[in-house]
There are 2 protein chains.
Amino acid sequence: MDFNTDRFINDLNWRYATKMFDSTKKLAQKDWLVLEESLRLSPSSYGLQPWKFLVVQNKDLRAKLKEVSWNQSQVVDCSHYVVFTTLKKVTKENVDEFIADIAKQRGATVESLQGYRNAIIGDIVEGPRSEVAQAWAQRQSYIAMGNLMNAAAQMRIDTCPLEGLDPSAYDKILNLENTEYATVAAVAVGYRHVDDKYKDIKKVRFAKDRVIQFIN
Amino acid sequence: MDFNTDRFINDLNWRYATKMFDSTKKLAQKDWLVLEESLRLSPSSYGLQPWKFLVVQNKDLRAKLKEVSWNQSQVVDCSHYVVFTTLKKVTKENVDEFIADIAKQRGATVESLQGYRNAIIGDIVEGPRSEVAQAWAQRQSYIAMGNLMNAAAQMRIDTCPLEGLDPSAYDKILNLENTEYATVAAVAVGYRHVDDKYKDIKKVRFAKDRVIQFIN
């Protein structure tokens with residue numbers, strides 16, 4: 001069966017940043033598992049996966065997070081609330097964990113991967129990019145964010161990405177302060193409320209020739 | 001027809017960062033148009049779309065870009081080479097262009113959108129985030145990058161994201177230096193070469209409980 005591209009474009013148009021979730025509607029577990037894979041299998045530079053996705057289901061914590069998220073109702077009303085956290089810097093230990101995982105999963109030796117290890121360390125751990133490692137890691141996590149929203153739309157599950165939040169306050173509430181990870185953004189996942197007026201507003205995007213330019 | 005989630009997960013696993021493209025295989029125009037929509041319809045904060053996607057098809061330019069891309073062959077061998085560029089800063093004029101487009105497409109007045117306009121300006125143009133506007137815009141573009149790779153995988157079209165490039169050299173080669181935009185990364189799009197040994201290597205991702213943590 002071929003991939004249905006017409007349906008795919010319809011799905012992309014169907015998606016919108018849901019402002020009001022129906023708090024009575026929860027994702028089926030089988031659907032959630034697909035979304036988890038859309039996160040886990042996301043591409044990242046070097047395949048390093050400099051992220052952790054925290055799924056905050058605790059009601060008290062959600063209420064606290066809402067207060068530092070411009071009081072947006074999505075935080076408490078959605079089915080699954082995914083907080084995107086990324087490495088504050090990339091260490092040799094992070095790279096070694098990744099290399100060990102490659103070796104294990106591919107049945108290779110760690111020694112055979114030294115060239116790859118050293119290339120990563122020479123770049124993002126000790127090279128010029130080490131100073132912007134957090135911004136780099138944050139960018140990677142937005143690939144995963146895109147994948148999550150895209151996968152959800154194709155399953156006709158609603159999402160709302162949230163950048164309007166206080167990352168430092170999130171880190172406190174989620175006890176991240178003494179960890180390697182820090183909050184960058186969040187995505188609320190669930191089902192739109194029938195009263196969400198935003199669901200009926202025309203999506204606005206620049207015309208194609210404004211954002212895509214061929215250089216022939 | 002329901003979305004086929006098993007196939008979707010297979011597609012995500014099928015995808016890999018293609019190292020060797022078959023330069024004789026070009027995308028069909030109908031497929032390319034779908035990928036364009038996956039870029040154009042991508043979510044971004046405020047819907048502001050702080051990006052331009054340059055599709056570099058000129059052979060001489062591709063050869064020059066390859067030299068400043070760690071000499072990676074994908075730059076010249078792929079079917080479509082998409083350079084992701086983003087705003088260096090966000091200006092009032094950028095916001096006003098966006099607001100005017102909303103007004104036009106929704107049949108609303110610009111005046112009725114002043115609250116939204118001023119919220120954006122108070123944040124990313126004049127607020128504390130204005131100092132990190134470029135990093136912010138770059139993050140947004142990675143959502144589009146994820147969408148492009150995801151859409152391509154579902155169409156069984158290969159991609160390779162490239163961060164291993166010299167953005168300043170790209171800006172020179174592509175005449176971006178006196179524009180509002182700057183290069184952040186690129187994605188090569190096309191079809192894998194039968195001799196690309198990387199296509200057969202097991203994809204490595206951390207186990208689910210390493211990257212997804214429930215807080216109940």
# chains A, B, ... in the order shown; residues from 1 in each chain; ligands from 1
call {"tool": "interface_residues", "arguments": {"of": "chain B", "to": "chain A", "cutoff": "6 Å", "atoms": "only C-alpha atoms", "output": "PyMOL selection string"}}
result
chain B and resi 52-58+102+139+142-143+146-147+204+211-216
call {"tool": "write_last_selection", "arguments": {"atoms": "N, CA and C atoms", "output": "PDB file, in the first residue's frame"}}
result
ATOM      1  N   LYS B  52      13.909  30.645   5.431  1.00  0.00           N
ATOM      2  CA  LYS B  52      13.798  30.433   3.986  1.00  0.00           C
ATOM      3  C   LYS B  52      14.551  29.153   3.660  1.00  0.00           C
ATOM      4  N   PHE B  53      13.968  28.368   2.785  1.00  0.00           N
ATOM      5  CA  PHE B  53      14.587  27.114   2.368  1.00  0.00           C
ATOM      6  C   PHE B  53      15.119  27.306   0.948  1.00  0.00           C
ATOM      7  N   LEU B  54      16.433  27.205   0.810  1.00  0.00           N
ATOM      8  CA  LEU B  54      17.048  27.399  -0.507  1.00  0.00           C
ATOM      9  C   LEU B  54      17.343  26.032  -1.113  1.00  0.00           C
ATOM     10  N   VAL B  55      16.805  25.792  -2.262  1.00  0.00           N
ATOM     11  CA  VAL B  55      17.014  24.513  -2.938  1.00  0.00           C
ATOM     12  C   VAL B  55      18.080  24.735  -4.003  1.00  0.00           C
ATOM     13  N   VAL B  56      19.283  24.279  -3.686  1.00  0.00           N
ATOM     14  CA  VAL B  56      20.429  24.583  -4.552  1.00  0.00           C
ATOM     15  C   VAL B  56      20.586  23.465  -5.574  1.00  0.00           C
ATOM     16  N   GLN B  57      20.226  23.773  -6.814  1.00  0.00           N
ATOM     17  CA  GLN B  57      20.306  22.780  -7.890  1.00  0.00           C
ATOM     18  C   GLN B  57      21.456  23.077  -8.855  1.00  0.00           C
ATOM     19  N   ASN B  58      22.012  24.270  -8.751  1.00  0.00           N
ATOM     20  CA  ASN B  58      23.122  24.662  -9.626  1.00  0.00           C
ATOM     21  C   ASN B  58      24.370  23.832  -9.314  1.00  0.00           C
ATOM     22  N   ILE B 102      -1.574  37.239   7.754  1.00  0.00           N
ATOM     23  CA  ILE B 102      -2.720  36.695   8.494  1.00  0.00           C
ATOM     24  C   ILE B 102      -3.986  37.451   8.121  1.00  0.00           C
ATOM     25  N   ARG B 139      16.210  27.008  16.071  1.00  0.00           N
ATOM     26  CA  ARG B 139      15.454  25.896  16.667  1.00  0.00           C
ATOM     27  C   ARG B 139      14.183  25.621  15.871  1.00  0.00           C
ATOM     28  N   TYR B 142      14.539  23.566  12.868  1.00  0.00           N
ATOM     29  CA  TYR B 142      14.762  22.131  13.053  1.00  0.00           C
ATOM     30  C   TYR B 142      13.450  21.353  13.151  1.00  0.00           C
ATOM     31  N   ILE B 143      12.380  22.042  13.489  1.00  0.00           N
ATOM     32  CA  ILE B 143      11.064  21.394  13.402  1.00  0.00           C
ATOM     33  C   ILE B 143      10.789  21.062  11.937  1.00  0.00           C
ATOM     34  N   GLY B 146      12.892  18.206  10.790  1.00  0.00           N
ATOM     35  CA  GLY B 146      12.293  16.928  11.209  1.00  0.00           C
ATOM     36  C   GLY B 146      11.128  16.547  10.310  1.00  0.00           C
ATOM     37  N   ASN B 147      10.298  17.529   9.999  1.00  0.00           N
ATOM     38  CA  ASN B 147       9.138  17.241   9.144  1.00  0.00           C
ATOM     39  C   ASN B 147       9.565  16.758   7.770  1.00  0.00           C
ATOM     40  N   VAL B 204      20.877   2.724  15.828  1.00  0.00           N
ATOM     41  CA  VAL B 204      21.080   2.644  17.276  1.00  0.00           C
ATOM     42  C   VAL B 204      20.333   3.778  17.967  1.00  0.00           C
ATOM     43  N   VAL B 211      15.292   7.392  27.638  1.00  0.00           N
ATOM     44  CA  VAL B 211      15.008   8.718  27.097  1.00  0.00           C
ATOM     45  C   VAL B 211      13.595   9.230  27.385  1.00  0.00           C
ATOM     46  N   ILE B 212      12.708   8.326  27.783  1.00  0.00           N
ATOM     47  CA  ILE B 212      11.344   8.758  28.089  1.00  0.00           C
ATOM     48  C   ILE B 212      11.032   8.367  29.531  1.00  0.00           C
ATOM     49  N   GLN B 213      10.769   9.379  30.337  1.00  0.00           N
ATOM     50  CA  GLN B 213      10.563   9.122  31.764  1.00  0.00           C
ATOM     51  C   GLN B 213       9.208   9.667  32.197  1.00  0.00           C
ATOM     52  N   PHE B 214       8.385   8.788  32.722  1.00  0.00           N
ATOM     53  CA  PHE B 214       7.089   9.217  33.234  1.00  0.00           C
ATOM     54  C   PHE B 214       7.228   9.765  34.659  1.00  0.00           C
ATOM     55  N   ILE B 215       6.530  10.848  34.917  1.00  0.00           N
ATOM     56  CA  ILE B 215       6.455  11.381  36.279  1.00  0.00           C
ATOM     57  C   ILE B 215       4.988  11.311  36.671  1.00  0.00           C
ATOM     58  N   ASN B 216       4.656  10.283  37.407  1.00  0.00           N
ATOM     59  CA  ASN B 216       3.235  10.014  37.718  1.00  0.00           C
ATOM     60  C   ASN B 216       2.824  10.544  39.092  1.00  0.00           C
TER      61      ASN B 216
END
call {"tool": "residues_around", "arguments": {"residues": "Asn118 of chain B", "least_positions_apart": "5", "cutoff": "12 Å", "atoms": "only C-alpha atoms", "output": "VMD selection string"}}
result
chain B and resid 46 92 95 to 96 99 110 to 113 123 to 127
call {"tool": "select_by_dssp", "arguments": {"residues": "segment 122-215 of chain B", "states": "helix (DSSP H, G or I)", "output": "ChimeraX atom specification"}}
result
/B:122-125,128-154,167-173,197-200,208-211
call {"tool": "write_last_selection", "arguments": {"atoms": "N, CA and C atoms", "output": "short mmCIF file (atom, residue, chain, number, x, y, z; two decimals), in the first residue's frame"}}
result
data_model
loop_
_atom_site.label_atom_id
_atom_site.label_comp_id
_atom_site.auth_asym_id
_atom_site.auth_seq_id
_atom_site.Cartn_x
_atom_site.Cartn_y
_atom_site.Cartn_z
N GLY B 122 6.92 42.30 21.75
CA GLY B 122 7.36 42.41 23.14
C GLY B 122 8.21 41.24 23.60
N ASP B 123 8.16 40.17 22.86
CA ASP B 123 8.94 38.98 23.21
C ASP B 123 10.22 38.90 22.38
N ILE B 124 10.07 38.61 21.13
CA ILE B 124 11.24 38.20 20.33
C ILE B 124 11.90 39.37 19.59
N VAL B 125 11.21 40.52 19.50
CA VAL B 125 11.82 41.68 18.83
C VAL B 125 12.45 42.63 19.85
N PRO B 128 13.39 40.15 26.25
CA PRO B 128 14.66 39.48 26.59
C PRO B 128 15.07 38.44 25.55
N ARG B 129 14.09 37.85 24.87
CA ARG B 129 14.45 36.81 23.91
C ARG B 129 15.02 37.38 22.60
N SER B 130 14.92 38.72 22.44
CA SER B 130 15.45 39.31 21.21
C SER B 130 16.95 39.04 21.08
N GLU B 131 17.62 38.90 22.23
CA GLU B 131 19.08 38.68 22.18
C GLU B 131 19.44 37.27 21.72
N VAL B 132 18.48 36.38 21.81
CA VAL B 132 18.73 35.00 21.36
C VAL B 132 17.82 34.65 20.19
N ALA B 133 17.43 35.69 19.45
CA ALA B 133 16.45 35.48 18.37
C ALA B 133 16.99 34.54 17.29
N GLN B 134 18.28 34.65 17.00
CA GLN B 134 18.81 33.77 15.96
C GLN B 134 18.76 32.30 16.40
N ALA B 135 19.19 32.03 17.62
CA ALA B 135 19.13 30.65 18.12
C ALA B 135 17.68 30.16 18.16
N TRP B 136 16.79 31.05 18.52
CA TRP B 136 15.36 30.73 18.56
C TRP B 136 14.87 30.36 17.15
N ALA B 137 15.24 31.20 16.17
CA ALA B 137 14.82 30.92 14.79
C ALA B 137 15.44 29.62 14.28
N GLN B 138 16.68 29.38 14.65
CA GLN B 138 17.33 28.13 14.24
C GLN B 138 16.60 26.92 14.80
N ARG B 139 16.21 27.01 16.07
CA ARG B 139 15.45 25.90 16.67
C ARG B 139 14.18 25.62 15.87
N GLN B 140 13.47 26.70 15.55
CA GLN B 140 12.22 26.51 14.80
C GLN B 140 12.48 25.76 13.49
N SER B 141 13.58 26.11 12.84
CA SER B 141 13.86 25.50 11.54
C SER B 141 14.12 24.00 11.66
N TYR B 142 14.54 23.57 12.87
CA TYR B 142 14.76 22.13 13.05
C TYR B 142 13.45 21.35 13.15
N ILE B 143 12.38 22.04 13.49
CA ILE B 143 11.06 21.39 13.40
C ILE B 143 10.79 21.06 11.94
N ALA B 144 11.05 22.06 11.08
CA ALA B 144 10.83 21.84 9.65
C ALA B 144 11.77 20.76 9.11
N MET B 145 12.99 20.75 9.64
CA MET B 145 13.94 19.72 9.21
C MET B 145 13.42 18.32 9.58
N GLY B 146 12.89 18.21 10.79
CA GLY B 146 12.29 16.93 11.21
C GLY B 146 11.13 16.55 10.31
N ASN B 147 10.30 17.53 10.00
CA ASN B 147 9.14 17.24 9.14
C ASN B 147 9.56 16.76 7.77
N LEU B 148 10.56 17.42 7.22
CA LEU B 148 11.04 17.04 5.89
C LEU B 148 11.56 15.59 5.90
N MET B 149 12.38 15.26 6.87
CA MET B 149 12.97 13.91 6.91
C MET B 149 11.90 12.85 7.17
N ASN B 150 10.95 13.21 8.02
CA ASN B 150 9.87 12.32 8.37
C ASN B 150 8.97 12.06 7.16
N ALA B 151 8.60 13.13 6.47
CA ALA B 151 7.75 12.98 5.29
C ALA B 151 8.46 12.16 4.23
N ALA B 152 9.75 12.47 4.02
CA ALA B 152 10.52 11.74 3.01
C ALA B 152 10.55 10.26 3.35
N ALA B 153 10.83 9.93 4.60
CA ALA B 153 10.92 8.52 4.99
C ALA B 153 9.63 7.78 4.68
N GLN B 154 8.51 8.47 4.93
CA GLN B 154 7.23 7.81 4.68
C GLN B 154 6.98 7.63 3.18
N PRO B 167 28.78 27.47 8.02
CA PRO B 167 27.65 28.34 7.70
C PRO B 167 28.08 29.67 7.08
N SER B 168 29.18 30.25 7.57
CA SER B 168 29.62 31.54 7.01
C SER B 168 30.04 31.40 5.55
N ALA B 169 30.72 30.30 5.24
CA ALA B 169 31.11 30.07 3.85
C ALA B 169 29.89 29.85 2.97
N TYR B 170 28.90 29.14 3.50
CA TYR B 170 27.64 28.99 2.76
C TYR B 170 27.02 30.35 2.46
N ASP B 171 27.02 31.21 3.48
CA ASP B 171 26.40 32.53 3.31
C ASP B 171 27.09 33.32 2.20
N LYS B 172 28.41 33.18 2.13
CA LYS B 172 29.14 33.86 1.05
C LYS B 172 28.77 33.27 -0.31
N ILE B 173 28.84 31.96 -0.40
CA ILE B 173 28.59 31.30 -1.68
C ILE B 173 27.16 31.55 -2.17
N LYS B 197 27.12 1.43 2.20
CA LYS B 197 27.16 0.37 3.21
C LYS B 197 26.39 0.75 4.47
N TYR B 198 26.20 2.06 4.67
CA TYR B 198 25.51 2.49 5.89
C TYR B 198 24.04 2.11 5.91
N LYS B 199 23.51 1.82 4.72
CA LYS B 199 22.07 1.49 4.67
C LYS B 199 21.75 0.18 5.38
N ASP B 200 22.76 -0.65 5.57
CA ASP B 200 22.52 -1.97 6.16
C ASP B 200 22.94 -2.05 7.63
N LYS B 208 13.97 2.82 25.41
CA LYS B 208 12.90 3.77 25.70
C LYS B 208 12.99 4.33 27.11
N ASP B 209 13.29 3.47 28.08
CA ASP B 209 13.29 3.96 29.46
C ASP B 209 14.51 4.83 29.78
N ARG B 210 15.43 4.92 28.83
CA ARG B 210 16.57 5.83 29.01
C ARG B 210 16.21 7.25 28.59
N VAL B 211 15.29 7.39 27.64
CA VAL B 211 15.01 8.72 27.10
C VAL B 211 13.60 9.23 27.38
#
call {"tool": "atom_distance", "arguments": {"atom1": "atom CA of Asp11 of chain A", "atom2": "atom CA of Ala185 of chain B"}}
result
26.4 Å
call {"tool": "closest_residue", "arguments": {"among": "B:Ala100, B:Met20, B:Leu176, B:Ala182", "to": "Val76 of chain B", "atoms": "only C-alpha atoms"}}
result
B:Met20
call {"tool": "atom_distance", "arguments": {"atom1": "atom CA of Ile121 of chain B", "atom2": "atom CA of Lys89 of chain B"}}
result
11.8 Å
call {"tool": "closest_residue", "arguments": {"among": "B:Arg62, B:Arg117, B:Asp22, B:Val187", "to": "Glu93 of chain B", "atoms": "only C-alpha atoms"}}
result
B:Arg117
call {"tool": "select_by_dssp", "arguments": {"residues": "segment 151-214 of chain B", "states": "strand (DSSP E or B)", "output": "PDB file with N, CA and C atoms, in the first residue's frame"}}
result
ATOM      1  N   ASP B 158      15.120   9.107   0.483  1.00  0.00           N
ATOM      2  CA  ASP B 158      16.222   9.210   1.431  1.00  0.00           C
ATOM      3  C   ASP B 158      16.629  10.651   1.693  1.00  0.00           C
ATOM      4  N   THR B 159      17.193  10.856   2.872  1.00  0.00           N
ATOM      5  CA  THR B 159      17.680  12.177   3.264  1.00  0.00           C
ATOM      6  C   THR B 159      18.972  12.035   4.051  1.00  0.00           C
ATOM      7  N   CYS B 160      19.711  13.118   4.098  1.00  0.00           N
ATOM      8  CA  CYS B 160      20.842  13.205   5.013  1.00  0.00           C
ATOM      9  C   CYS B 160      20.910  14.633   5.540  1.00  0.00           C
ATOM     10  N   PRO B 161      20.727  14.785   6.853  1.00  0.00           N
ATOM     11  CA  PRO B 161      20.880  16.120   7.426  1.00  0.00           C
ATOM     12  C   PRO B 161      22.360  16.447   7.552  1.00  0.00           C
ATOM     13  N   LEU B 162      22.724  17.668   7.241  1.00  0.00           N
ATOM     14  CA  LEU B 162      24.134  18.082   7.337  1.00  0.00           C
ATOM     15  C   LEU B 162      24.290  19.284   8.257  1.00  0.00           C
ATOM     16  N   TYR B 181      18.964  36.714   6.295  1.00  0.00           N
ATOM     17  CA  TYR B 181      19.019  35.281   6.583  1.00  0.00           C
ATOM     18  C   TYR B 181      20.441  34.760   6.654  1.00  0.00           C
ATOM     19  N   ALA B 182      20.624  33.689   7.420  1.00  0.00           N
ATOM     20  CA  ALA B 182      21.929  33.032   7.505  1.00  0.00           C
ATOM     21  C   ALA B 182      21.715  31.522   7.542  1.00  0.00           C
ATOM     22  N   THR B 183      22.679  30.816   7.021  1.00  0.00           N
ATOM     23  CA  THR B 183      22.619  29.350   6.959  1.00  0.00           C
ATOM     24  C   THR B 183      22.719  28.743   8.351  1.00  0.00           C
ATOM     25  N   VAL B 184      21.933  27.697   8.579  1.00  0.00           N
ATOM     26  CA  VAL B 184      22.098  26.950   9.834  1.00  0.00           C
ATOM     27  C   VAL B 184      22.458  25.487   9.571  1.00  0.00           C
ATOM     28  N   ALA B 185      21.885  24.885   8.541  1.00  0.00           N
ATOM     29  CA  ALA B 185      22.144  23.466   8.256  1.00  0.00           C
ATOM     30  C   ALA B 185      21.590  23.158   6.874  1.00  0.00           C
ATOM     31  N   ALA B 186      21.665  21.901   6.474  1.00  0.00           N
ATOM     32  CA  ALA B 186      21.146  21.527   5.154  1.00  0.00           C
ATOM     33  C   ALA B 186      20.613  20.095   5.221  1.00  0.00           C
ATOM     34  N   VAL B 187      19.775  19.766   4.272  1.00  0.00           N
ATOM     35  CA  VAL B 187      19.315  18.376   4.134  1.00  0.00           C
ATOM     36  C   VAL B 187      19.426  17.982   2.659  1.00  0.00           C
ATOM     37  N   ALA B 188      20.175  16.917   2.420  1.00  0.00           N
ATOM     38  CA  ALA B 188      20.259  16.340   1.081  1.00  0.00           C
ATOM     39  C   ALA B 188      19.097  15.357   0.925  1.00  0.00           C
ATOM     40  N   VAL B 189      18.437  15.421  -0.237  1.00  0.00           N
ATOM     41  CA  VAL B 189      17.255  14.592  -0.488  1.00  0.00           C
ATOM     42  C   VAL B 189      17.457  13.828  -1.794  1.00  0.00           C
ATOM     43  N   GLY B 190      17.142  12.549  -1.796  1.00  0.00           N
ATOM     44  CA  GLY B 190      17.291  11.772  -3.027  1.00  0.00           C
ATOM     45  C   GLY B 190      17.109  10.288  -2.752  1.00  0.00           C
ATOM     46  N   ARG B 192      19.195   6.553  -1.998  1.00  0.00           N
ATOM     47  CA  ARG B 192      20.440   5.906  -1.573  1.00  0.00           C
ATOM     48  C   ARG B 192      21.093   5.139  -2.725  1.00  0.00           C
ATOM     49  N   ILE B 212      12.708   8.326  27.783  1.00  0.00           N
ATOM     50  CA  ILE B 212      11.344   8.758  28.089  1.00  0.00           C
ATOM     51  C   ILE B 212      11.032   8.367  29.531  1.00  0.00           C
ATOM     52  N   GLN B 213      10.769   9.379  30.337  1.00  0.00           N
ATOM     53  CA  GLN B 213      10.563   9.122  31.764  1.00  0.00           C
ATOM     54  C   GLN B 213       9.208   9.667  32.197  1.00  0.00           C
ATOM     55  N   PHE B 214       8.385   8.788  32.722  1.00  0.00           N
ATOM     56  CA  PHE B 214       7.089   9.217  33.234  1.00  0.00           C
ATOM     57  C   PHE B 214       7.228   9.765  34.659  1.00  0.00           C
TER      58      PHE B 214
END
call {"tool": "decode", "arguments": {"residues": "segment 141-212 of chain A", "atoms": "C-alpha atoms", "output": "compact mmCIF listing (two decimals), in the first residue's frame"}}
result
# COMPACT_ATOMS: atom_id res chain seq x y z
CA SER A 141 15.31 18.30 20.31
CA TYR A 142 13.18 20.39 17.97
CA ILE A 143 13.59 17.69 15.33
CA ALA A 144 11.98 15.33 17.83
CA MET A 145 9.34 17.93 18.56
CA GLY A 146 8.50 18.12 14.88
CA ASN A 147 8.33 14.37 14.63
CA LEU A 148 5.99 14.12 17.59
CA MET A 149 3.59 16.73 16.24
CA ASN A 150 3.74 15.28 12.75
CA ALA A 151 3.10 11.73 13.91
CA ALA A 152 0.26 12.87 16.14
CA ALA A 153 -1.39 14.81 13.30
CA GLN A 154 -1.32 11.74 11.12
CA MET A 155 -3.06 9.83 13.89
CA ARG A 156 -5.50 12.72 14.29
CA ILE A 157 -4.23 13.37 17.76
CA ASP A 158 -3.91 17.00 18.79
CA THR A 159 -0.83 18.77 20.09
CA CYS A 160 0.24 22.16 21.28
CA PRO A 161 3.91 23.12 21.42
CA LEU A 162 4.74 25.41 24.34
CA GLU A 163 7.72 27.73 24.36
CA GLY A 164 5.82 30.19 26.51
CA LEU A 165 7.14 28.80 29.75
CA ASP A 166 9.83 29.59 32.29
CA PRO A 167 12.51 26.93 31.74
CA SER A 168 14.29 27.66 35.04
CA ALA A 169 11.07 27.32 36.99
CA TYR A 170 10.37 24.04 35.20
CA ASP A 171 13.82 22.81 36.18
CA LYS A 172 13.06 23.57 39.83
CA ILE A 173 9.64 21.97 39.82
CA LEU A 174 10.90 18.87 38.01
CA ASN A 175 14.04 18.57 40.16
CA LEU A 176 16.37 18.97 37.20
CA GLU A 177 18.64 21.55 38.80
CA ASN A 178 21.33 19.10 39.86
CA THR A 179 21.13 17.01 36.73
CA GLU A 180 22.76 17.28 33.31
CA TYR A 181 19.44 18.23 31.71
CA ALA A 182 17.47 21.45 31.44
CA THR A 183 14.03 22.27 30.07
CA VAL A 184 13.73 23.82 26.64
CA ALA A 185 10.05 23.50 25.70
CA ALA A 186 7.02 21.24 26.01
CA VAL A 187 4.32 19.65 23.92
CA ALA A 188 0.81 19.00 25.19
CA VAL A 189 -0.79 15.96 23.56
CA GLY A 190 -4.46 14.98 23.60
CA TYR A 191 -7.74 15.84 21.95
CA ARG A 192 -9.15 19.24 21.08
CA HIS A 193 -12.17 20.48 22.99
CA VAL A 194 -15.29 20.95 20.90
CA ASP A 195 -15.39 24.57 22.12
CA ASP A 196 -11.86 25.45 21.05
CA LYS A 197 -12.57 28.25 18.60
CA TYR A 198 -9.03 28.09 17.22
CA LYS A 199 -9.73 24.76 15.56
CA ASP A 200 -11.85 26.50 12.92
CA ILE A 201 -9.50 29.36 12.08
CA LYS A 202 -7.69 29.20 8.76
CA LYS A 203 -4.06 28.13 9.05
CA VAL A 204 -1.79 30.88 7.77
CA ARG A 205 1.47 30.14 6.01
CA PHE A 206 3.48 32.27 3.65
CA ALA A 207 3.07 31.38 -0.02
CA LYS A 208 5.49 28.77 -1.28
CA ASP A 209 7.57 31.17 -3.35
CA ARG A 210 8.11 33.32 -0.25
CA VAL A 211 9.80 30.53 1.75
CA ILE A 212 11.15 28.10 -0.83
